[in-house]
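Accompanying notes for the structure given below.
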Amino acid sequence: MASDRIAKLIKDEALVQSLDDRAPEYAALVQSSTATALRNSETADLLEVTVWDTSVEERRRVYSERPPFNTDWAALFYKYLRERSVGSNRELETGIDTVIKNAVLDASQEYYTSEETIAILSGELVKQVDMNEKVRKAIYNELQATRKLAIRESRDAISAHTQVILADRMHDVMAQSLNHAVVNTTVGSVVGHMVLSAMALPAVKVAITHSIIVAVHSAAVQHILVLAGKKIGVTVLLTLIFGHAAASLAGWFVLPIIAAFVTYQYQTLPDTLAKKIPRELAEQIKQNAPTINKSIAEGAKKAAMEAFFSLSDKSISILHDAAMRPQASRF
């Protein structure tokens, strides 16, 4: 596909860096969203432990255990904390994991699909097209190959021919210079102007936004976000329940401790978790931002090019005419 081929010519580094520069803002939004979600949750929902069957493509819930304290829940909860197995193709997840995952995904989608982020990505994309002659020529050649500029190019050729005839009456060197300027400036700068204008079109912005949503909810990005949240959640819980002696406690001794934890922390747990987890999670998000941003950038540039080449002949003609006006004023 031509759009994919041209998108590969656009380097990711600058797009990723433009997003990396704003990683603290992203992390701050994740921290705020996660804190609010945890604080607004019920303790029983947060501490519920669910066993999932992961042997199928769409994982399936097997069963759940909920507090207040009962030995079945406590045993399952302890296995979760210790990352113990509960059988082949089985995965343990608490309500804390679910709340964090949903809050982080919602915050990520809100951040990356914001007008500001879209504008930054679009601006950097246009800059990369402007700076890369291979990209500009590839776009121009594709527009010619699909005959989207057939009528416009015929008209431009006549205009260029008229300019050359006038130039022929001048000195030969001046004629060659003018001919080169008419033809090559059009091929280079006009493409940049067209792409710049196209980035503001609703169809292109919608395509970029959709690609970002897909990237945020992709398996690769979700794995990064979910793993970071789960790891921090488990660490915070272990410290709250067992303190620094967690690693040395014997299995038979933990149930009374978990019972005491539920008794004394039950009412205040959502607020306690909201104070401890989001701050550490924000730091992890900042560290993982470059990997996440690479997926976002790759998806955005592909979507932008695909949407650009999918524009109607009329839209392309309008973009072309608007881009030609600054060129015509030069001669």
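By order of appearance in the structure tokens: chains A, B, ..., then residues from 1 within every chain, and ligands from 1 in the order shown.
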
* Find the spatial neighbours of A:Glu48, counting only C-alpha atoms, within a cut-off of 7 Å - ignore same-chain residues fewer than 2 positions away - and output them as a PyMOL selection string. => chain A and resi 44-46+50+64-67+94-95

Selection file, N, CA and C atoms, as a PDB file, in the first residue's frame:
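The result, stored in result.pdb:
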ATOM      1  N   ALA A  44     -14.603  -3.497  49.298  1.00  0.00           N
ATOM      2  CA  ALA A  44     -14.928  -4.864  48.883  1.00  0.00           C
ATOM      3  C   ALA A  44     -14.655  -5.075  47.397  1.00  0.00           C
ATOM      4  N   ASP A  45     -14.939  -4.057  46.585  1.00  0.00           N
ATOM      5  CA  ASP A  45     -14.679  -4.163  45.148  1.00  0.00           C
ATOM      6  C   ASP A  45     -13.179  -4.173  44.862  1.00  0.00           C
ATOM      7  N   LEU A  46     -12.433  -3.369  45.602  1.00  0.00           N
ATOM      8  CA  LEU A  46     -10.989  -3.294  45.389  1.00  0.00           C
ATOM      9  C   LEU A  46     -10.287  -4.600  45.761  1.00  0.00           C
ATOM     10  N   THR A  50     -10.426 -12.323  41.499  1.00  0.00           N
ATOM     11  CA  THR A  50     -11.084 -13.095  40.448  1.00  0.00           C
ATOM     12  C   THR A  50     -10.088 -14.031  39.790  1.00  0.00           C
ATOM     13  N   SER A  64     -14.926 -15.816  41.728  1.00  0.00           N
ATOM     14  CA  SER A  64     -14.381 -14.700  42.509  1.00  0.00           C
ATOM     15  C   SER A  64     -14.609 -14.935  43.997  1.00  0.00           C
ATOM     16  N   GLU A  65     -13.770 -14.306  44.810  1.00  0.00           N
ATOM     17  CA  GLU A  65     -13.945 -14.300  46.267  1.00  0.00           C
ATOM     18  C   GLU A  65     -13.860 -12.845  46.737  1.00  0.00           C
ATOM     19  N   ARG A  66     -14.751 -12.482  47.667  1.00  0.00           N
ATOM     20  CA  ARG A  66     -14.802 -11.104  48.143  1.00  0.00           C
ATOM     21  C   ARG A  66     -14.713 -11.039  49.665  1.00  0.00           C
ATOM     22  N   PRO A  67     -14.116  -9.951  50.194  1.00  0.00           N
ATOM     23  CA  PRO A  67     -14.210  -9.701  51.625  1.00  0.00           C
ATOM     24  C   PRO A  67     -15.573  -9.083  51.936  1.00  0.00           C
ATOM     25  N   THR A  94      -7.157  -8.642  41.053  1.00  0.00           N
ATOM     26  CA  THR A  94      -7.988  -7.996  42.073  1.00  0.00           C
ATOM     27  C   THR A  94      -8.749  -6.819  41.467  1.00  0.00           C
ATOM     28  N   GLY A  95      -9.697  -6.343  42.232  1.00  0.00           N
ATOM     29  CA  GLY A  95     -10.424  -5.154  41.804  1.00  0.00           C
ATOM     30  C   GLY A  95      -9.502  -3.954  41.690  1.00  0.00           C
TER      31      GLY A  95
END

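Neighbouring residues of A:Leu105 at 10 Å or closer, counting only C-alpha atoms and skipping chain neighbours under 6 positions away, are Val30, Ser33, Thr34, Tyr111, Ile213, Val216, His217, Val221, Gln222, Leu225 and Val226 of chain A.
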
Using only C-alpha atoms, which protein or nucleic acid residues come within 9 Å of A:Asp20? Drop anything in the same chain fewer than 5 positions from it, and give the result as an mmCIF file with N, CA, C and O atoms, in the first residue's frame.
data_model
loop_
_atom_site.group_PDB
_atom_site.id
_atom_site.type_symbol
_atom_site.label_atom_id
_atom_site.label_comp_id
_atom_site.auth_asym_id
_atom_site.auth_seq_id
_atom_site.Cartn_x
_atom_site.Cartn_y
_atom_site.Cartn_z
ATOM 1 N N LEU A 15 8.875 12.526 15.936
ATOM 2 C CA LEU A 15 7.494 12.418 16.414
ATOM 3 C C LEU A 15 7.472 11.917 17.854
ATOM 4 O O LEU A 15 6.730 12.443 18.695
ATOM 5 N N LYS A 286 6.185 7.692 33.269
ATOM 6 C CA LYS A 286 7.203 8.547 32.647
ATOM 7 C C LYS A 286 8.352 7.717 32.080
ATOM 8 O O LYS A 286 8.870 8.008 31.003
ATOM 9 N N ALA A 289 7.093 5.971 28.900
ATOM 10 C CA ALA A 289 6.512 6.851 27.881
ATOM 11 C C ALA A 289 7.148 6.698 26.499
ATOM 12 O O ALA A 289 6.423 6.636 25.498
ATOM 13 N N PRO A 290 8.486 6.620 26.372
ATOM 14 C CA PRO A 290 9.067 6.492 25.026
ATOM 15 C C PRO A 290 8.566 5.267 24.267
ATOM 16 O O PRO A 290 8.341 5.341 23.051
ATOM 17 N N ASN A 293 4.978 6.008 23.322
ATOM 18 C CA ASN A 293 4.937 7.062 22.308
ATOM 19 C C ASN A 293 5.354 6.554 20.930
ATOM 20 O O ASN A 293 4.882 7.067 19.906
#

* Asked: Rounded to one decimal in Å, what is the spacing between atom CA of A:Gln31 and atom CA of A:Ala300?
  -> 25.0 Å

* To do: Mind checking which residues fall within 12 Å of A:Ala23, counting only C-alpha atoms, ignoring those fewer than 2 positions away in the same chain, and posting them as a VMD selection string?
  => chain A and resid 16 to 21 25 to 30 108 111 to 112 117 282 to 293

Please write the residues from the selection above to a file, keeping C-alpha atoms, as a PDB file, in the first residue's frame.
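After the write, result_14.pdb holds the following:
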ATOM      1  CA  VAL A  16       8.340  10.334  19.478  1.00  0.00           C
ATOM      2  CA  GLN A  17      10.493  13.113  20.944  1.00  0.00           C
ATOM      3  CA  SER A  18       7.675  15.638  20.570  1.00  0.00           C
ATOM      4  CA  LEU A  19       5.552  13.352  22.757  1.00  0.00           C
ATOM      5  CA  ASP A  20       8.380  12.476  25.162  1.00  0.00           C
ATOM      6  CA  ASP A  21       8.808  16.181  25.924  1.00  0.00           C
ATOM      7  CA  GLU A  25       1.882  16.078  31.700  1.00  0.00           C
ATOM      8  CA  TYR A  26       0.798  12.580  30.698  1.00  0.00           C
ATOM      9  CA  ALA A  27       2.032  11.122  33.985  1.00  0.00           C
ATOM     10  CA  ALA A  28       0.253  13.843  35.967  1.00  0.00           C
ATOM     11  CA  LEU A  29      -3.054  13.055  34.266  1.00  0.00           C
ATOM     12  CA  VAL A  30      -2.606   9.327  34.952  1.00  0.00           C
ATOM     13  CA  SER A 108      -4.130   7.694  28.186  1.00  0.00           C
ATOM     14  CA  TYR A 111      -4.324  12.666  26.823  1.00  0.00           C
ATOM     15  CA  TYR A 112      -3.296  11.302  23.441  1.00  0.00           C
ATOM     16  CA  THR A 117      -1.530  16.323  21.370  1.00  0.00           C
ATOM     17  CA  ALA A 282       3.162   8.210  37.507  1.00  0.00           C
ATOM     18  CA  GLU A 283       6.909   7.627  37.780  1.00  0.00           C
ATOM     19  CA  GLN A 284       6.580   4.298  35.982  1.00  0.00           C
ATOM     20  CA  ILE A 285       4.500   5.941  33.256  1.00  0.00           C
ATOM     21  CA  LYS A 286       7.203   8.547  32.647  1.00  0.00           C
ATOM     22  CA  GLN A 287       9.818   5.810  32.320  1.00  0.00           C
ATOM     23  CA  ASN A 288       7.677   3.817  29.882  1.00  0.00           C
ATOM     24  CA  ALA A 289       6.512   6.851  27.881  1.00  0.00           C
ATOM     25  CA  PRO A 290       9.067   6.492  25.026  1.00  0.00           C
ATOM     26  CA  THR A 291       7.906   2.927  24.301  1.00  0.00           C
ATOM     27  CA  ILE A 292       4.245   3.948  24.396  1.00  0.00           C
ATOM     28  CA  ASN A 293       4.937   7.062  22.308  1.00  0.00           C
TER      29      ASN A 293
END

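Compared by their closest atoms to A:Thr263, and using only C-alpha atoms, the residues A:Tyr78, A:Phe242, A:Phe69, A:Phe308 rank with A:Phe69 nearest.
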
* Please run DSSP on the backbone and report, as a VMD selection string, all residues within stretch 75-109 of chain A that come out as strand (DSSP E). => chain A and resid 90 to 94

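Closest to A:Ala103 among A:Leu281, A:Ile139, A:Ala7, A:Val56 is A:Leu281, based on only C-alpha atoms.
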
* Which neighbours of A:Lys127 fall inside 10 Å, counting only C-alpha atoms, when residues of the same chain fewer than 2 positions from it are skipped, and could you give them as a PyMOL selection string? -> chain A and resi 14-15+121-125+129-132+192+195-196

Would you mind exporting N, CA, C and O atoms of the selected residues as a compact mmCIF listing (two decimals), in the first residue's frame?
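So the final result, stored in result27.txt, reads:
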# COMPACT_ATOMS: atom_id res chain seq x y z
N ALA A 14 11.61 12.05 15.64
CA ALA A 14 11.15 13.40 15.97
C ALA A 14 9.72 13.38 16.50
O ALA A 14 9.37 14.15 17.42
N LEU A 15 8.87 12.53 15.94
CA LEU A 15 7.49 12.42 16.41
C LEU A 15 7.47 11.92 17.85
O LEU A 15 6.73 12.44 18.70
N LEU A 121 1.44 16.38 17.18
CA LEU A 121 1.78 15.29 16.25
C LEU A 121 1.66 15.75 14.80
O LEU A 121 2.55 15.48 13.99
N SER A 122 0.59 16.45 14.48
CA SER A 122 0.37 16.91 13.11
C SER A 122 1.44 17.90 12.69
O SER A 122 1.96 17.84 11.57
N GLY A 123 1.77 18.82 13.59
CA GLY A 123 2.80 19.81 13.29
C GLY A 123 4.15 19.17 13.03
O GLY A 123 4.87 19.54 12.09
N GLU A 124 4.51 18.18 13.85
CA GLU A 124 5.79 17.50 13.67
C GLU A 124 5.78 16.67 12.40
O GLU A 124 6.81 16.55 11.70
N LEU A 125 4.63 16.09 12.07
CA LEU A 125 4.50 15.29 10.85
C LEU A 125 4.72 16.17 9.62
O LEU A 125 5.45 15.78 8.69
N VAL A 129 7.73 16.01 6.73
CA VAL A 129 7.48 15.98 5.29
C VAL A 129 8.25 17.10 4.60
O VAL A 129 8.86 16.90 3.55
N ASP A 130 8.21 18.28 5.21
CA ASP A 130 8.90 19.44 4.63
C ASP A 130 10.41 19.23 4.54
O ASP A 130 11.07 19.69 3.61
N MET A 131 10.97 18.55 5.54
CA MET A 131 12.42 18.37 5.62
C MET A 131 12.93 17.20 4.79
O MET A 131 14.13 17.08 4.56
N ASN A 132 12.04 16.32 4.36
CA ASN A 132 12.46 15.09 3.70
C ASN A 132 12.03 15.11 2.23
O ASN A 132 10.86 14.92 1.90
N GLY A 192 4.33 20.14 0.64
CA GLY A 192 4.36 20.51 2.05
C GLY A 192 3.14 21.32 2.45
O GLY A 192 2.54 21.08 3.50
N VAL A 195 0.00 18.98 2.56
CA VAL A 195 -0.03 18.13 3.76
C VAL A 195 -0.38 18.96 4.99
O VAL A 195 -1.16 18.55 5.84
N LEU A 196 0.19 20.18 5.06
CA LEU A 196 -0.10 21.07 6.19
C LEU A 196 -1.60 21.37 6.26
O LEU A 196 -2.22 21.27 7.34

Do you know which residues are at most 8 Å from A:Ile6 counting only C-alpha atoms, after dropping those on the same chain fewer than 6 positions away, and could you put them as a PDB file with N, CA, C and O atoms, in the first residue's frame?
ATOM      1  N   VAL A 135      10.223  11.994   0.893  1.00  0.00           N
ATOM      2  CA  VAL A 135       8.809  11.904   1.265  1.00  0.00           C
ATOM      3  C   VAL A 135       7.972  12.795   0.357  1.00  0.00           C
ATOM      4  O   VAL A 135       6.920  12.377  -0.152  1.00  0.00           O
ATOM      5  N   ALA A 138       7.730  11.305  -3.069  1.00  0.00           N
ATOM      6  CA  ALA A 138       6.915  10.080  -3.050  1.00  0.00           C
ATOM      7  C   ALA A 138       5.431  10.433  -3.006  1.00  0.00           C
ATOM      8  O   ALA A 138       4.607   9.806  -3.687  1.00  0.00           O
ATOM      9  N   ILE A 139       5.081  11.439  -2.214  1.00  0.00           N
ATOM     10  CA  ILE A 139       3.685  11.882  -2.145  1.00  0.00           C
ATOM     11  C   ILE A 139       3.240  12.445  -3.495  1.00  0.00           C
ATOM     12  O   ILE A 139       2.164  12.115  -4.006  1.00  0.00           O
ATOM     13  N   MET A 305      -1.155   9.462   6.486  1.00  0.00           N
ATOM     14  CA  MET A 305      -0.873   9.251   5.066  1.00  0.00           C
ATOM     15  C   MET A 305      -2.027   8.532   4.375  1.00  0.00           C
ATOM     16  O   MET A 305      -2.413   8.877   3.252  1.00  0.00           O
TER      17      MET A 305
END
